[in-house]
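The data block below is structure37.pdb; it holds PDB, C-alpha atoms and all ligand atoms.
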MODEL        1
ATOM      1  CA  MET A 572      87.797 106.806 144.167
ATOM      2  CA  ALA A 573      87.293 107.219 140.431
ATOM      3  CA  GLU A 574      83.784 107.250 139.014
ATOM      4  CA  LEU A 575      83.281 104.397 136.535
ATOM      5  CA  ILE A 576      81.449 105.751 133.484
ATOM      6  CA  ARG A 577      80.156 103.728 130.549
ATOM      7  CA  ASP A 578      77.985 106.293 128.786
ATOM      8  CA  PRO A 579      79.881 108.669 126.431
ATOM      9  CA  VAL A 580      77.304 111.428 126.987
ATOM     10  CA  VAL A 581      77.853 111.345 130.746
ATOM     11  CA  MET A 582      81.613 111.233 130.227
ATOM     12  CA  ARG A 583      81.541 114.311 128.037
ATOM     13  CA  GLU A 584      79.318 116.180 130.499
ATOM     14  CA  ARG A 585      81.755 115.509 133.344
ATOM     15  CA  VAL A 586      84.731 116.855 131.394
ATOM     16  CA  LEU A 587      82.874 119.902 130.085
ATOM     17  CA  ALA A 588      81.617 120.701 133.613
ATOM     18  CA  ALA A 589      85.166 120.481 134.994
ATOM     19  CA  ARG A 590      86.476 122.693 132.218
ATOM     20  CA  GLY A 591      83.617 125.125 132.752
ATOM     21  CA  ALA A 592      84.767 125.404 136.367
ATOM     22  CA  GLY A 593      88.210 126.420 135.128
ATOM     23  CA  ARG A 594      89.860 123.041 135.622
ATOM     24  CA  ARG A 595      92.475 121.494 133.339
ATOM     25  CA  VAL A 596      91.576 117.934 132.372
ATOM     26  CA  GLY A 597      94.131 115.321 131.290
ATOM     27  CA  PHE A 598      93.208 112.147 129.434
ATOM     28  CA  VAL A 599      95.000 108.776 129.295
ATOM     29  CA  PRO A 600      93.569 106.408 126.660
ATOM     30  CA  THR A 601      94.338 102.708 127.273
ATOM     31  CA  MET A 602      93.171  99.209 126.426
ATOM     32  CA  GLY A 603      93.361  98.176 130.099
ATOM     33  CA  ALA A 604      95.371  95.336 131.671
ATOM     34  CA  LEU A 605      97.116  98.244 133.303
ATOM     35  CA  HIS A 606     100.726  98.179 134.481
ATOM     36  CA  ALA A 607     103.342 100.639 135.715
ATOM     37  CA  GLY A 608     103.738 102.077 132.192
ATOM     38  CA  HIS A 609     100.098 103.160 132.141
ATOM     39  CA  VAL A 610     100.380 104.403 135.734
ATOM     40  CA  SER A 611     103.309 106.641 134.731
ATOM     41  CA  LEU A 612     101.034 108.347 132.183
ATOM     42  CA  VAL A 613      98.336 108.788 134.846
ATOM     43  CA  GLU A 614     100.892 110.270 137.249
ATOM     44  CA  ARG A 615     102.174 112.696 134.648
ATOM     45  CA  ALA A 616      98.633 113.745 133.773
ATOM     46  CA  GLY A 617      97.939 114.233 137.489
ATOM     47  CA  THR A 618     100.976 116.487 137.801
ATOM     48  CA  ASP A 619      99.981 118.641 134.822
ATOM     49  CA  CYS A 620      96.204 118.698 135.297
ATOM     50  CA  ASP A 621      93.469 119.194 137.913
ATOM     51  CA  ASP A 622      91.430 116.143 136.874
ATOM     52  CA  VAL A 623      92.429 112.937 135.084
ATOM     53  CA  ALA A 624      90.268 110.646 132.934
ATOM     54  CA  VAL A 625      91.487 107.157 132.003
ATOM     55  CA  SER A 626      89.703 105.236 129.262
ATOM     56  CA  ILE A 627      89.739 101.457 129.087
ATOM     57  CA  PHE A 628      88.544 100.081 125.781
ATOM     58  CA  VAL A 629      89.919  97.110 123.862
ATOM     59  CA  ASN A 630      89.384  98.544 120.402
ATOM     60  CA  PRO A 631      88.411  95.795 117.934
ATOM     61  CA  THR A 632      89.172  97.866 114.838
ATOM     62  CA  GLN A 633      92.900  98.125 115.554
ATOM     63  CA  PHE A 634      93.351  94.328 115.661
ATOM     64  CA  GLY A 635      93.894  92.315 112.484
ATOM     65  CA  PRO A 636      91.749  89.222 111.794
ATOM     66  CA  HIS A 637      94.414  86.819 113.131
ATOM     67  CA  GLU A 638      95.576  88.934 116.062
ATOM     68  CA  ASP A 639      94.914  88.622 119.792
ATOM     69  CA  PHE A 640      91.659  90.596 120.196
ATOM     70  CA  ASP A 641      89.765  87.663 121.765
ATOM     71  CA  ARG A 642      92.474  86.719 124.233
ATOM     72  CA  TYR A 643      93.539  90.295 125.102
ATOM     73  CA  PRO A 644      93.266  90.524 128.928
ATOM     74  CA  ARG A 645      90.296  92.509 130.330
ATOM     75  CA  PRO A 646      90.746  92.667 134.131
ATOM     76  CA  LEU A 647      88.553  95.745 134.709
ATOM     77  CA  GLN A 648      88.248  95.347 138.491
ATOM     78  CA  ALA A 649      91.981  94.896 138.988
ATOM     79  CA  ASP A 650      92.582  97.911 136.735
ATOM     80  CA  CYS A 651      90.287 100.067 138.863
ATOM     81  CA  ARG A 652      92.070  98.869 142.022
ATOM     82  CA  LEU A 653      95.461  99.701 140.502
ATOM     83  CA  LEU A 654      94.274 103.227 139.753
ATOM     84  CA  GLU A 655      92.820 103.754 143.247
ATOM     85  CA  PRO A 656      95.943 105.255 144.872
ATOM     86  CA  HIS A 657      96.319 107.654 141.960
ATOM     87  CA  ARG A 658      94.298 110.776 141.456
ATOM     88  CA  VAL A 659      91.859 109.631 138.756
ATOM     89  CA  ALA A 660      88.481 111.353 138.604
ATOM     90  CA  TRP A 661      86.891 109.113 135.960
ATOM     91  CA  VAL A 662      87.455 105.689 134.443
ATOM     92  CA  PHE A 663      85.660 105.611 131.094
ATOM     93  CA  ALA A 664      84.900 102.045 129.979
ATOM     94  CA  PRO A 665      82.440 102.252 127.083
ATOM     95  CA  ASP A 666      81.123  99.150 125.372
ATOM     96  CA  ALA A 667      81.701  98.567 121.672
ATOM     97  CA  ALA A 668      78.155  99.613 120.726
ATOM     98  CA  ALA A 669      78.709 103.031 122.334
ATOM     99  CA  MET A 670      81.974 103.514 120.458
ATOM    100  CA  TYR A 671      80.707 102.191 117.136
ATOM    101  CA  PRO A 672      76.971 102.786 116.841
ATOM    102  CA  PRO A 673      75.100 100.660 114.268
ATOM    103  CA  GLY A 674      75.661 101.967 110.756
ATOM    104  CA  ASN A 675      79.009 103.479 111.697
ATOM    105  CA  ALA A 676      80.715 104.282 108.387
ATOM    106  CA  THR A 677      83.546 106.711 109.111
ATOM    107  CA  GLN A 678      87.267 106.080 109.407
ATOM    108  CA  VAL A 679      90.232 108.357 109.979
ATOM    109  CA  VAL A 680      93.050 107.269 107.678
ATOM    110  CA  VAL A 681      96.474 108.827 108.282
ATOM    111  CA  SER A 682      99.208 108.354 105.682
ATOM    112  CA  GLY A 683     102.792 109.635 106.120
ATOM    113  CA  PRO A 684     104.054 108.299 109.473
ATOM    114  CA  ALA A 685     101.352 105.597 109.484
ATOM    115  CA  ALA A 686     102.595 103.977 106.275
ATOM    116  CA  PRO A 687     105.842 102.119 107.153
ATOM    117  CA  PHE A 688     106.664  99.533 109.851
ATOM    118  CA  GLU A 689     103.468  98.771 111.799
ATOM    119  CA  GLY A 690     101.506 100.105 108.818
ATOM    120  CA  VAL A 691     102.989  97.367 106.619
ATOM    121  CA  ILE A 692     102.898  94.542 109.168
ATOM    122  CA  ARG A 693      99.421  95.399 110.501
ATOM    123  CA  PRO A 694      97.336  96.797 107.627
ATOM    124  CA  GLY A 695      94.437  98.856 108.948
ATOM    125  CA  HIS A 696      95.892  99.076 112.457
ATOM    126  CA  PHE A 697      96.533 102.811 112.439
ATOM    127  CA  ALA A 698      93.177 103.585 110.821
ATOM    128  CA  GLY A 699      91.669 101.755 113.797
ATOM    129  CA  VAL A 700      93.876 103.668 116.226
ATOM    130  CA  ALA A 701      93.304 107.095 114.662
ATOM    131  CA  THR A 702      89.545 106.555 114.462
ATOM    132  CA  VAL A 703      89.173 105.398 118.057
ATOM    133  CA  VAL A 704      91.495 108.102 119.388
ATOM    134  CA  LEU A 705      89.612 110.875 117.595
ATOM    135  CA  THR A 706      86.292 109.408 118.786
ATOM    136  CA  LEU A 707      87.617 109.246 122.346
ATOM    137  CA  PHE A 708      88.814 112.857 122.089
ATOM    138  CA  GLN A 709      85.190 113.849 121.308
ATOM    139  CA  MET A 710      83.857 111.866 124.257
ATOM    140  CA  VAL A 711      86.608 113.036 126.636
ATOM    141  CA  PRO A 712      87.206 116.617 125.432
ATOM    142  CA  SER A 713      90.235 117.246 127.618
ATOM    143  CA  GLN A 714      92.942 119.875 127.129
ATOM    144  CA  ALA A 715      95.765 117.272 127.027
ATOM    145  CA  ALA A 716      96.190 113.571 126.267
ATOM    146  CA  TYR A 717      99.076 111.375 127.414
ATOM    147  CA  PHE A 718     100.700 108.660 125.294
ATOM    148  CA  GLY A 719     103.683 106.363 125.856
ATOM    149  CA  ALA A 720     106.897 106.637 123.825
ATOM    150  CA  LYS A 721     106.887 102.829 123.787
ATOM    151  CA  ASP A 722     104.461 102.987 120.860
ATOM    152  CA  TRP A 723     106.566 105.584 119.065
ATOM    153  CA  GLN A 724     104.979 105.286 115.647
ATOM    154  CA  GLN A 725     101.548 105.592 117.261
ATOM    155  CA  THR A 726     102.585 108.888 118.867
ATOM    156  CA  ARG A 727     103.668 110.224 115.452
ATOM    157  CA  VAL A 728     100.381 109.118 113.888
ATOM    158  CA  VAL A 729      98.259 110.686 116.640
ATOM    159  CA  MET A 730     100.258 113.925 116.571
ATOM    160  CA  ARG A 731      99.940 114.145 112.789
ATOM    161  CA  MET A 732      96.187 113.533 112.952
ATOM    162  CA  VAL A 733      95.762 116.197 115.645
ATOM    163  CA  ARG A 734      97.743 118.694 113.591
ATOM    164  CA  ASP A 735      96.097 117.908 110.255
ATOM    165  CA  LEU A 736      92.542 117.946 111.617
ATOM    166  CA  ALA A 737      93.159 120.915 113.980
ATOM    167  CA  VAL A 738      92.018 118.923 117.007
ATOM    168  CA  PRO A 739      92.241 121.274 120.006
ATOM    169  CA  ILE A 740      94.277 119.061 122.324
ATOM    170  CA  GLU A 741      97.899 118.897 123.471
ATOM    171  CA  ILE A 742      99.606 115.530 122.973
ATOM    172  CA  VAL A 743     102.159 114.687 125.672
ATOM    173  CA  VAL A 744     104.572 111.794 125.078
ATOM    174  CA  CYS A 745     105.940 110.110 128.217
ATOM    175  CA  PRO A 746     109.025 107.863 128.598
ATOM    176  CA  THR A 747     108.840 104.085 128.321
ATOM    177  CA  VAL A 748     108.681 102.251 131.666
ATOM    178  CA  ARG A 749     110.767  99.079 131.775
ATOM    179  CA  GLU A 750     111.186  95.930 133.862
ATOM    180  CA  PRO A 751     114.476  95.746 135.791
ATOM    181  CA  ASP A 752     116.116  93.745 132.958
ATOM    182  CA  GLY A 753     115.113  96.356 130.364
ATOM    183  CA  LEU A 754     112.022  94.722 128.831
ATOM    184  CA  ALA A 755     109.467  97.434 128.057
ATOM    185  CA  MET A 756     106.325  96.889 130.122
ATOM    186  CA  SER A 757     103.382  95.738 128.023
ATOM    187  CA  SER A 758     100.017  94.139 128.668
ATOM    188  CA  ARG A 759     101.128  91.461 126.178
ATOM    189  CA  ASN A 760     104.126  90.431 128.322
ATOM    190  CA  ALA A 761     101.638  88.314 130.313
ATOM    191  CA  TYR A 762     101.489  85.940 127.318
ATOM    192  CA  LEU A 763     105.203  85.053 127.591
ATOM    193  CA  SER A 764     106.239  81.668 129.015
ATOM    194  CA  ASP A 765     109.138  81.688 131.502
ATOM    195  CA  THR A 766     111.711  80.821 128.850
ATOM    196  CA  GLU A 767     110.267  83.340 126.407
ATOM    197  CA  ARG A 768     110.354  85.969 129.132
ATOM    198  CA  THR A 769     114.098  85.361 129.544
ATOM    199  CA  ARG A 770     114.702  85.612 125.795
ATOM    200  CA  ALA A 771     112.533  88.736 125.460
ATOM    201  CA  VAL A 772     115.321  90.863 126.923
ATOM    202  CA  ALA A 773     116.980  90.668 123.483
ATOM    203  CA  VAL A 774     114.554  93.343 122.280
ATOM    204  CA  SER A 775     115.904  96.035 124.617
ATOM    205  CA  GLU A 776     119.447  94.651 124.220
ATOM    206  CA  SER A 777     119.208  95.170 120.464
ATOM    207  CA  LEU A 778     118.320  98.814 121.125
ATOM    208  CA  ILE A 779     121.239  99.284 123.500
ATOM    209  CA  ARG A 780     123.496  97.881 120.788
ATOM    210  CA  ALA A 781     121.931 100.314 118.347
ATOM    211  CA  GLU A 782     122.693 103.230 120.629
ATOM    212  CA  GLU A 783     126.296 102.066 121.149
ATOM    213  CA  GLY A 784     126.771 101.775 117.397
ATOM    214  CA  TRP A 785     125.158 105.148 116.846
ATOM    215  CA  ARG A 786     127.417 106.849 119.401
ATOM    216  CA  SER A 787     130.547 105.221 117.952
ATOM    217  CA  GLY A 788     129.704 106.449 114.439
ATOM    218  CA  ARG A 789     128.701 103.159 112.788
ATOM    219  CA  SER A 790     126.626 103.247 109.603
ATOM    220  CA  VAL A 791     122.884 102.662 109.708
ATOM    221  CA  ALA A 792     123.372  99.361 107.844
ATOM    222  CA  GLU A 793     125.907  98.165 110.445
ATOM    223  CA  ILE A 794     123.640  99.174 113.317
ATOM    224  CA  GLU A 795     120.620  97.430 111.817
ATOM    225  CA  ALA A 796     122.709  94.285 111.220
ATOM    226  CA  ALA A 797     123.815  94.298 114.873
ATOM    227  CA  MET A 798     120.211  94.692 116.015
ATOM    228  CA  ARG A 799     119.119  91.759 113.864
ATOM    229  CA  GLU A 800     121.962  89.601 115.129
ATOM    230  CA  THR A 801     121.013  90.275 118.765
ATOM    231  CA  LEU A 802     117.371  89.376 118.116
ATOM    232  CA  GLU A 803     118.043  86.292 115.997
ATOM    233  CA  ARG A 804     120.489  84.856 118.562
ATOM    234  CA  ARG A 805     117.559  84.661 121.021
ATOM    235  CA  GLY A 806     115.171  83.246 118.435
ATOM    236  CA  ILE A 807     113.045  86.345 117.956
ATOM    237  CA  ALA A 808     111.279  86.421 114.562
ATOM    238  CA  ILE A 809     111.971  89.943 113.325
ATOM    239  CA  ASP A 810     109.224  92.094 111.826
ATOM    240  CA  TYR A 811     111.593  95.064 111.492
ATOM    241  CA  ALA A 812     114.756  96.433 113.072
ATOM    242  CA  ALA A 813     115.536  99.863 111.688
ATOM    243  CA  VAL A 814     117.069 103.278 112.330
ATOM    244  CA  VAL A 815     115.004 106.172 110.927
ATOM    245  CA  ASP A 816     114.276 109.851 111.415
ATOM    246  CA  ALA A 817     112.424 110.171 114.722
ATOM    247  CA  GLU A 818     109.744 112.499 113.356
ATOM    248  CA  SER A 819     109.061 111.435 109.792
ATOM    249  CA  LEU A 820     110.214 107.785 110.104
ATOM    250  CA  ALA A 821     112.013 108.353 106.771
ATOM    251  CA  PRO A 822     115.769 107.588 106.366
ATOM    252  CA  PRO A 823     117.793 109.372 109.068
ATOM    253  CA  THR A 824     119.760 112.613 108.633
ATOM    254  CA  PRO A 825     122.717 113.752 110.786
ATOM    255  CA  ASP A 826     121.031 117.003 111.874
ATOM    256  CA  ALA A 827     117.884 115.536 113.385
ATOM    257  CA  ASP A 828     117.135 112.995 116.089
ATOM    258  CA  SER A 829     116.825 109.429 114.874
ATOM    259  CA  ILE A 830     115.143 106.453 116.435
ATOM    260  CA  ALA A 831     115.868 102.747 116.507
ATOM    261  CA  LEU A 832     112.616 100.830 116.057
ATOM    262  CA  VAL A 833     112.199  97.120 116.627
ATOM    263  CA  ALA A 834     109.300  94.672 116.451
ATOM    264  CA  GLY A 835     109.357  90.906 116.557
ATOM    265  CA  ARG A 836     107.557  87.797 117.649
ATOM    266  CA  LEU A 837     108.427  85.354 120.371
ATOM    267  CA  GLY A 838     106.125  82.351 120.054
ATOM    268  CA  SER A 839     102.681  83.892 119.703
ATOM    269  CA  THR A 840     103.602  87.143 121.459
ATOM    270  CA  ARG A 841     104.425  90.295 119.575
ATOM    271  CA  LEU A 842     106.914  92.688 121.168
ATOM    272  CA  ILE A 843     107.762  96.240 120.083
ATOM    273  CA  ASP A 844     110.199  98.784 121.468
ATOM    274  CA  ASN A 845     112.377 101.719 120.431
ATOM    275  CA  ARG A 846     115.185 103.990 121.551
ATOM    276  CA  LEU A 847     115.796 107.624 120.655
ATOM    277  CA  LEU A 848     119.202 108.323 119.079
ATOM    278  CA  PRO A 849     120.217 111.986 119.486
ATOM    279  CA  ALA A 850     121.259 113.907 116.347
ATOM    280  CA  ARG A 851     124.874 113.066 115.522
ATOM    281  CA  ALA A 852     125.582 116.579 114.264
ATOM    282  CA  ALA A 853     124.602 118.009 117.669
ATOM    283  CA  ARG A 854     127.283 116.045 119.528
TER     284      ARG A 854
HETATM  285  P1  LIG B   1      97.744 100.230 125.532
HETATM  286  O1  LIG B   1      96.876  99.937 126.696
HETATM  287  O2  LIG B   1      98.783  99.192 125.282
HETATM  288  O3  LIG B   1      96.969 100.629 124.301
HETATM  289  O4  LIG B   1      98.581 101.511 125.921
HETATM  290  C1  LIG B   1      97.950 102.685 126.373
HETATM  291  C2  LIG B   1      98.989 103.777 126.486
HETATM  292  O5  LIG B   1      99.998 103.361 127.414
HETATM  293  C3  LIG B   1      99.716 104.030 125.147
HETATM  294  O6  LIG B   1      99.929 105.439 125.012
HETATM  295  C4  LIG B   1     101.006 103.285 125.333
HETATM  296  O7  LIG B   1     102.065 103.808 124.558
HETATM  297  C5  LIG B   1     101.263 103.498 126.811
HETATM  298  N1  LIG B   1     102.195 102.488 127.321
HETATM  299  C6  LIG B   1     102.116 101.138 127.166
HETATM  300  N2  LIG B   1     103.200 100.535 127.710
HETATM  301  C7  LIG B   1     103.978 101.533 128.209
HETATM  302  C8  LIG B   1     105.233 101.563 128.888
HETATM  303  N3  LIG B   1     105.925 100.446 129.149
HETATM  304  N4  LIG B   1     105.729 102.762 129.262
HETATM  305  C9  LIG B   1     105.048 103.917 128.988
HETATM  306  N5  LIG B   1     103.859 103.948 128.357
HETATM  307  C10 LIG B   1     103.333 102.781 127.971
ENDMDL
END
Could you write out this structure as structure tokens?
Amino acid sequence: MAELIRDPVVMRERVLAARGAGRRVGFVPTMGALHAGHVSLVERAGTDCDDVAVSIFVNPTQFGPHEDFDRYPRPLQADCRLLEPHRVAWVFAPDAAAMYPPGNATQVVVSGPAAPFEGVIRPGHFAGVATVVLTLFQMVPSQAAYFGAKDWQQTRVVMRMVRDLAVPIEIVVCPTVREPDGLAMSSRNAYLSDTERTRAVAVSESLIRAEEGWRSGRSVAEIEAAMRETLERRGIAIDYAAVVDAESLAPPTPDADSIALVAGRLGSTRLIDNRLLPARAAR
């Protein structure tokens, strides 16, 4: 069974001791309310590494003032039970005071891939993410960290930060885990009413339409219009529905992979998803 650790100093000692003994440590940062998507990251880390650390911390600084920080689910015991069958050495669940000591005055601000999309809709979100991720990397100094492709822009932001600040860690991006009808698993799906849950499938449907359009040579404008139509038909309030370069998130080019990105709101629930579109020139 995993050891539950709250103290960052103890956490760091455990990882450094394992590494000192020649072990490879993998790290999966989460906000808890764990589901099969998180478990897939833990499994992948367990395949690649000798020891796995999972952090559970609902990070206040990545939520906007009118977002769902207060109601975000925090089922720590159920999370620990879910992890039990998997090979997790440590669950790191620090409290906010340990993450942000009094007088804390430092932020990591990434530009470039952090600027568009979520960066526009959620100002300050990626500064919160980058700061907490870098702080967690100090407390859990593993050789590799595992992130989900579901939060594609987040993976680009974290990878850019790691490169720019020469953080000695490998970032591994793992595929999105979906419900049988295609809805990407998310801790926020628990907010959906039954009827909203039925309509939520439009998010992944819009991405399938994007891929069909992409493969049949439609223009980016046509693809984005089809995505919007699919979402609007099911009453999803669109934040963005766009096809961009998968790395830079700038306008797409034929020689590089692109990505369809979508975010929208269904009632009070925000849903995001994406689908990789292979380079057209390569086909
Ligand atoms: P969160 O707890 O939502 O902050 O997510 C923690 C990590 O799990 C992030 O790297 C997410 O991208 C990843 N994740 C969340 N949902 C999924 C999913 N459906 N499939 C794969 N990874 C996911």
Checklist entry - Taking only C-alpha atoms and all ligand atoms into account, which residues are within 6 Å of ligand LIG 1 (chain B), as a PyMOL selection string? => result chain A and resi 600-603+608-609+718-722+746-749+755-757
Item to check | Two-atom distance - CA of Leu605 in chain A, CA of Leu653 in chain A (Å) | outcome: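 Computed distance, CA of Leu605 in chain A to CA of Leu653 in chain A, equals 7.5 Å.
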Checklist entry - For this file, the PyMOL selection byres (((chain A and resi 815) around 10) and not hetatm) selects which residues, as a ChimeraX atom specification? => result /A:791,812-814,816-824,828-832,847-848
Would you translate the PyMOL selection byres (((chain A and resi 852) around 10) and not hetatm) into the concrete set of residues it matches in this file, as a compact mmCIF listing (two decimals) with C-alpha atoms, in the frame of the given file?
# COMPACT_ATOMS: atom_id res chain seq x y z
CA THR A 824 119.76 112.61 108.63
CA PRO A 825 122.72 113.75 110.79
CA ASP A 826 121.03 117.00 111.87
CA ALA A 827 117.88 115.54 113.38
CA ASP A 828 117.14 113.00 116.09
CA PRO A 849 120.22 111.99 119.49
CA ALA A 850 121.26 113.91 116.35
CA ARG A 851 124.87 113.07 115.52
CA ALA A 853 124.60 118.01 117.67
CA ARG A 854 127.28 116.04 119.53
Item to check | Neighbour list for Ala698 in chain A as a list in words, cut-off 9 Å, only C-alpha atoms, skip fewer than 6 positions in-chain | outcome: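 The contact residues come out as Thr632, Gln633, Gln678, Val679, Val680, Val681 and Ala685 of chain A.
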